[in-house]
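Take a look at the structure set out below.
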Amino acid sequence: METAIPTTIVITGASSGIGRALAERVASHNTHLVLVARGEKALSSIVALCRQKGAVVSPVVADVAIAEDVERVGVAASALTGAIDVWVNNAGVFQHGAVDTITPDKFARIIAVNTLGTVYGSQVAIRQFKQQSSGSHLINVASALGAVPLPYASAYVTSKYAVRGFTASVRQELKLEKHQNIAVSTVMPATIDTPIYQHAATTIHQPTKPLPPVYSVDKAVDTIIQVMDKPQDEVYVGGVGLMTKLYGISPKSAETIMAKYAKRAIFQSYDGRKHEDRSGNLFVSRSEGKVSGGWKHSSDQLKQFAKLGAVVGSIGIWLLFRRKERV
Ligand SMILES: NC(=O)c1ccc[n+]([C@@H]2O[C@H](COP(=O)([O-])OP(=O)(O)OC[C@H]3O[C@@H](n4cnc5c(N)ncnc54)[C@H](OP(=O)(O)O)[C@@H]3O)[C@@H](O)[C@H]2O)c1
């Protein structure tokens with residue numbers, strides 16, 4: 001689908017995965033990009049790629065969990081053309097581990113990067129947007145796990161539920177203040193094949209893998225680009241509709257099904273090696289400038305997911321009928 005790419009775009013978390021692929025896709029002779037990450041080397045490689053495609057690029061080495069760093073991003077963005085068209089808060093970190101095994105500093109750090117990083121970015125963006133007469137757009141990348149919980153990822157789930165609620169609140173505020181020219185969208189991807197799972201912190205002493213089905217980065221980027229063109233309050237990437245619907249109808253059943261499915265699907269069989277706790281990229285960048293994490297995509301796993309879909313669907317229908325019978 002042809003979409004009109006806006007001119008000045010800020011992308012946080014541009015050195016790896018979704019942010020990197022998005023930067024490469026939107027880069028052209030017409031775009032001014034502000035690309036943000038902590039890892040200088042991985043950031044410079046995407047900056048070079050985008051410049052080759054004709055974009056004017058301002059790299060900003062910054063930690064989104066530090067408000068002053070995010071202010072610098074805003075200054076760099078405003079300096080490019082005087083206006084910011086789109087600001088994408090995409091930087092994020094992931095964690096696997098039982099709630100009682102995550103140290104307070106790691107739990108706090110996940111909230112600081114994922115939630116506060118989005119808050120600081122949104123504040124700087126909206127302050128600038130309010131001064132502009134041209135249309136502008138805040139896009140916050142939350143997660144499907146901001147709508148349906150996953151076990152052994154409590155800090156991440158907490159951070160993404162917060163991003164979703166925060167973004168909706170901002171949207172309400174701007175509507176009340178009649179800022180019709182400022183759009184606010186939340187993008188909620190299901191599992192995407194990026195290096196986030198290799199970068200993740202973990203306290204699980206065995207190998208883990210992402211929750212299937214796994215979708216391509218292209219699918220996430222396609223959605224973000226479509227949203228840039230036509231803002232949407234909330235949009236999912238990947239097939240999570242059934243589970244979110246069931247969660248709306250019967251949270252208890254959805255929690256149980258998701259928990260059992262996740263436990264089976266996430267833990268890889270024990271490989272005989274001792275796996276230590278690791279803090280992954282929570283405190284330092286581990287980005288190697290990759291887009292894919294090398295995980296199998298959904299087409300390979302569709303059969304497995306279809307089975308889950310059939311079970312979830314049947315339970316959902318059964319619950320609906322039970323509810324109707326009671327009315
Ligand atoms: N992949 C999935 O399955 C999935 C599903 C749902 C939602 N998401 C969300 O999508 C977003 C992108 O994730 P991804 O999968 O592309 O992960 P990724 O490949 O690990 O990339 C994460 C990006 O965020 C940056 N980053 C991390 N901490 C940062 C910090 N404190 N300050 C600045 N930048 C920071 C990283 O660069 P540096 O380390 O160099 O700073 C990197 O560029 C995240 O918000 C994630 O939660 C991903």
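Residues in the structure tokens are numbered from 1 in each chain, the chains being A, B, ... in the order shown, and ligands are numbered from 1 in the order shown.
The neighbours of Ile11 (chain A) here are the residues that come within 9 Å of it, using only C-alpha atoms and leaving out any residue fewer than 4 positions away in the same chain; they are A:Gly19, A:Arg20, A:Leu22, A:Ala23, A:Leu33, A:Val34, A:Leu35, A:Val36, A:Ala37, A:Val86, A:Trp87, A:Val88, A:Asn89, A:Asn90, A:Ala91.
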The selected residues should be written to file as a compact mmCIF listing (two decimals), in the first residue's frame (atoms: N, CA and C atoms).
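Once everything was written out, this is selection.txt:
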```txt
# COMPACT_ATOMS: atom_id res chain seq x y z
N GLY A 19 12.76 -0.59 15.28
CA GLY A 19 13.15 0.80 15.06
C GLY A 19 14.14 0.93 13.91
N ARG A 20 15.07 -0.01 13.84
CA ARG A 20 16.07 0.01 12.77
C ARG A 20 15.41 -0.21 11.41
N LEU A 22 12.32 0.28 10.66
CA LEU A 22 11.45 1.42 10.35
C LEU A 22 12.27 2.58 9.78
N ALA A 23 13.41 2.85 10.41
CA ALA A 23 14.27 3.95 9.94
C ALA A 23 14.68 3.70 8.49
N LEU A 33 15.47 12.56 9.57
CA LEU A 33 15.30 11.58 10.64
C LEU A 33 16.15 11.92 11.85
N VAL A 34 15.56 11.73 13.03
CA VAL A 34 16.34 11.80 14.27
C VAL A 34 16.32 10.40 14.84
N LEU A 35 17.49 9.75 14.82
CA LEU A 35 17.57 8.35 15.23
C LEU A 35 18.27 8.27 16.58
N VAL A 36 17.63 7.54 17.51
CA VAL A 36 18.06 7.56 18.91
C VAL A 36 18.35 6.15 19.42
N ALA A 37 19.46 5.98 20.11
CA ALA A 37 19.78 4.73 20.82
C ALA A 37 21.00 5.01 21.70
N VAL A 86 6.37 13.41 13.10
CA VAL A 86 6.04 12.17 13.82
C VAL A 86 7.13 11.88 14.84
N TRP A 87 6.71 11.48 16.04
CA TRP A 87 7.67 11.04 17.06
C TRP A 87 7.27 9.62 17.45
N VAL A 88 8.15 8.66 17.21
CA VAL A 88 7.85 7.26 17.53
C VAL A 88 8.67 6.83 18.76
N ASN A 89 7.98 6.62 19.87
CA ASN A 89 8.64 6.09 21.08
C ASN A 89 8.65 4.57 20.97
N ASN A 90 9.78 4.04 20.57
CA ASN A 90 9.89 2.61 20.27
C ASN A 90 10.93 1.89 21.15
N ALA A 91 11.87 2.64 21.73
CA ALA A 91 12.94 1.99 22.51
C ALA A 91 12.33 1.13 23.61
```
Produce as a PyMOL selection string the set of residues near ligand 1, where near means within 6 Å with only C-alpha atoms and all ligand atoms considered. chain A and resi 13-19+37-39+62-65+90-93+113+141-143+189-196+199+281+285-287
Hey, can you check how far CA of Gly74 (chain A) sits from CA of Tyr120 (chain A)? 10.2 Å
Can you pull out every residue within 8 Å of region 220-230 of chain A, counting only C-alpha atoms, but drop anything in the same chain fewer than 3 positions away, and send it as a PyMOL selection string? chain A and resi 3-6+18+21-22+25+86+137+139+185+187+189+192+215-217+237
Write out as JSON lines the residues of region 153-254 of chain A that have any atom within 6 Å of an atom of region 97-100 of chain A, one row each with the nearest atom pair and its distance in Å to one decimal, counting only C-alpha atoms, sorted by chain and then rising number.
```
{"residue": "A:Thr202", "atom": "CA", "partner": "A:Gly97", "partner_atom": "CA", "distance": 5.6}
{"residue": "A:Thr203", "atom": "CA", "partner": "A:Gly97", "partner_atom": "CA", "distance": 4.8}
{"residue": "A:Ile204", "atom": "CA", "partner": "A:Gly97", "partner_atom": "CA", "distance": 5.3}
```
Serialized selection, N, CA and C atoms, as a PDB file, in the first residue's frame:
```
ATOM      1  N   THR A 202      17.322 -12.020  32.119  1.00  0.00           N
ATOM      2  CA  THR A 202      16.620 -13.246  32.528  1.00  0.00           C
ATOM      3  C   THR A 202      17.122 -13.760  33.872  1.00  0.00           C
ATOM      4  N   THR A 203      16.191 -14.369  34.603  1.00  0.00           N
ATOM      5  CA  THR A 203      16.572 -15.076  35.831  1.00  0.00           C
ATOM      6  C   THR A 203      16.106 -16.534  35.717  1.00  0.00           C
ATOM      7  N   ILE A 204      15.831 -16.941  34.493  1.00  0.00           N
ATOM      8  CA  ILE A 204      15.410 -18.323  34.264  1.00  0.00           C
ATOM      9  C   ILE A 204      16.641 -19.119  33.841  1.00  0.00           C
TER      10      ILE A 204
END
```
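Interatomic distance, CA of Gly280 (chain A) against CA of His297 (chain A): 23.4 Å.
Going from CA of Ala254 (chain A) to CA of Ala147 (chain A) covers 11.3 Å.
Of the residues in region 191-250 of chain A, those that DSSP places in strand (DSSP E) on the basis of the backbone are Ala201, Thr202, Glu234, Val235, Tyr236 and Val237 of chain A.
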Apply DSSP to the backbone of this structure and, from region 64-208 of chain A, keep only the residues in alpha helix (DSSP H); write these as a ChimeraX atom specification. /A:67-81,104-110,117-129,154-176,196-199
Pull C-alpha atoms from the residues just selected and write them as a PDB file, in the first residue's frame.
```
ATOM      1  CA  ALA A  67      14.753  12.973  30.951  1.00  0.00           C
ATOM      2  CA  GLU A  68      17.647  15.317  30.062  1.00  0.00           C
ATOM      3  CA  ASP A  69      18.762  12.951  27.284  1.00  0.00           C
ATOM      4  CA  VAL A  70      15.275  12.990  25.818  1.00  0.00           C
ATOM      5  CA  GLU A  71      15.231  16.817  25.962  1.00  0.00           C
ATOM      6  CA  ARG A  72      18.377  16.698  23.772  1.00  0.00           C
ATOM      7  CA  VAL A  73      16.488  14.547  21.275  1.00  0.00           C
ATOM      8  CA  GLY A  74      13.780  17.214  21.118  1.00  0.00           C
ATOM      9  CA  VAL A  75      16.342  19.964  20.528  1.00  0.00           C
ATOM     10  CA  ALA A  76      17.992  17.958  17.709  1.00  0.00           C
ATOM     11  CA  ALA A  77      14.622  17.268  16.097  1.00  0.00           C
ATOM     12  CA  SER A  78      13.384  20.869  16.232  1.00  0.00           C
ATOM     13  CA  ALA A  79      16.707  22.053  14.777  1.00  0.00           C
ATOM     14  CA  LEU A  80      16.212  20.033  11.573  1.00  0.00           C
ATOM     15  CA  THR A  81      13.206  21.735   9.961  1.00  0.00           C
ATOM     16  CA  PRO A 104      14.311  -4.141  42.561  1.00  0.00           C
ATOM     17  CA  ASP A 105      16.918  -2.306  40.478  1.00  0.00           C
ATOM     18  CA  LYS A 106      16.124  -4.427  37.403  1.00  0.00           C
ATOM     19  CA  PHE A 107      12.358  -4.134  37.849  1.00  0.00           C
ATOM     20  CA  ALA A 108      12.713  -0.361  38.221  1.00  0.00           C
ATOM     21  CA  ARG A 109      14.975  -0.150  35.187  1.00  0.00           C
ATOM     22  CA  ILE A 110      12.444  -1.915  32.930  1.00  0.00           C
ATOM     23  CA  GLY A 117      11.177   6.585  28.395  1.00  0.00           C
ATOM     24  CA  THR A 118       7.827   6.767  26.581  1.00  0.00           C
ATOM     25  CA  VAL A 119       6.515   9.377  29.028  1.00  0.00           C
ATOM     26  CA  TYR A 120       9.562  11.654  28.584  1.00  0.00           C
ATOM     27  CA  GLY A 121       9.458  11.262  24.800  1.00  0.00           C
ATOM     28  CA  SER A 122       5.736  12.027  24.699  1.00  0.00           C
ATOM     29  CA  GLN A 123       6.155  15.116  26.900  1.00  0.00           C
ATOM     30  CA  VAL A 124       8.917  16.584  24.736  1.00  0.00           C
ATOM     31  CA  ALA A 125       7.012  15.749  21.534  1.00  0.00           C
ATOM     32  CA  ILE A 126       3.708  17.203  22.691  1.00  0.00           C
ATOM     33  CA  ARG A 127       5.294  20.392  24.003  1.00  0.00           C
ATOM     34  CA  GLN A 128       6.722  20.898  20.497  1.00  0.00           C
ATOM     35  CA  PHE A 129       3.541  19.741  18.705  1.00  0.00           C
ATOM     36  CA  SER A 154       5.809  -9.256  35.016  1.00  0.00           C
ATOM     37  CA  ALA A 155       8.062  -6.192  34.823  1.00  0.00           C
ATOM     38  CA  TYR A 156       7.654  -5.998  31.055  1.00  0.00           C
ATOM     39  CA  VAL A 157       3.884  -6.529  31.253  1.00  0.00           C
ATOM     40  CA  THR A 158       3.618  -3.829  33.951  1.00  0.00           C
ATOM     41  CA  SER A 159       5.593  -1.407  31.800  1.00  0.00           C
ATOM     42  CA  LYS A 160       3.492  -2.008  28.672  1.00  0.00           C
ATOM     43  CA  TYR A 161       0.096  -1.841  30.439  1.00  0.00           C
ATOM     44  CA  ALA A 162       1.330   1.510  31.728  1.00  0.00           C
ATOM     45  CA  VAL A 163       2.356   2.706  28.255  1.00  0.00           C
ATOM     46  CA  ARG A 164      -1.076   1.817  26.909  1.00  0.00           C
ATOM     47  CA  GLY A 165      -2.929   3.606  29.728  1.00  0.00           C
ATOM     48  CA  PHE A 166      -0.627   6.618  29.594  1.00  0.00           C
ATOM     49  CA  THR A 167      -1.061   7.018  25.836  1.00  0.00           C
ATOM     50  CA  ALA A 168      -4.867   6.755  26.051  1.00  0.00           C
ATOM     51  CA  SER A 169      -4.892   9.400  28.786  1.00  0.00           C
ATOM     52  CA  VAL A 170      -2.788  11.757  26.649  1.00  0.00           C
ATOM     53  CA  ARG A 171      -5.178  11.206  23.737  1.00  0.00           C
ATOM     54  CA  GLN A 172      -8.164  12.148  25.935  1.00  0.00           C
ATOM     55  CA  GLU A 173      -6.391  15.260  27.156  1.00  0.00           C
ATOM     56  CA  LEU A 174      -5.564  16.503  23.653  1.00  0.00           C
ATOM     57  CA  LYS A 175      -9.144  15.887  22.536  1.00  0.00           C
ATOM     58  CA  LEU A 176     -10.513  17.886  25.468  1.00  0.00           C
ATOM     59  CA  ILE A 196      14.928  -8.326  21.793  1.00  0.00           C
ATOM     60  CA  TYR A 197      14.851 -11.871  23.201  1.00  0.00           C
ATOM     61  CA  GLN A 198      18.639 -12.229  22.902  1.00  0.00           C
ATOM     62  CA  HIS A 199      18.994  -8.784  24.509  1.00  0.00           C
TER      63      HIS A 199
END
```
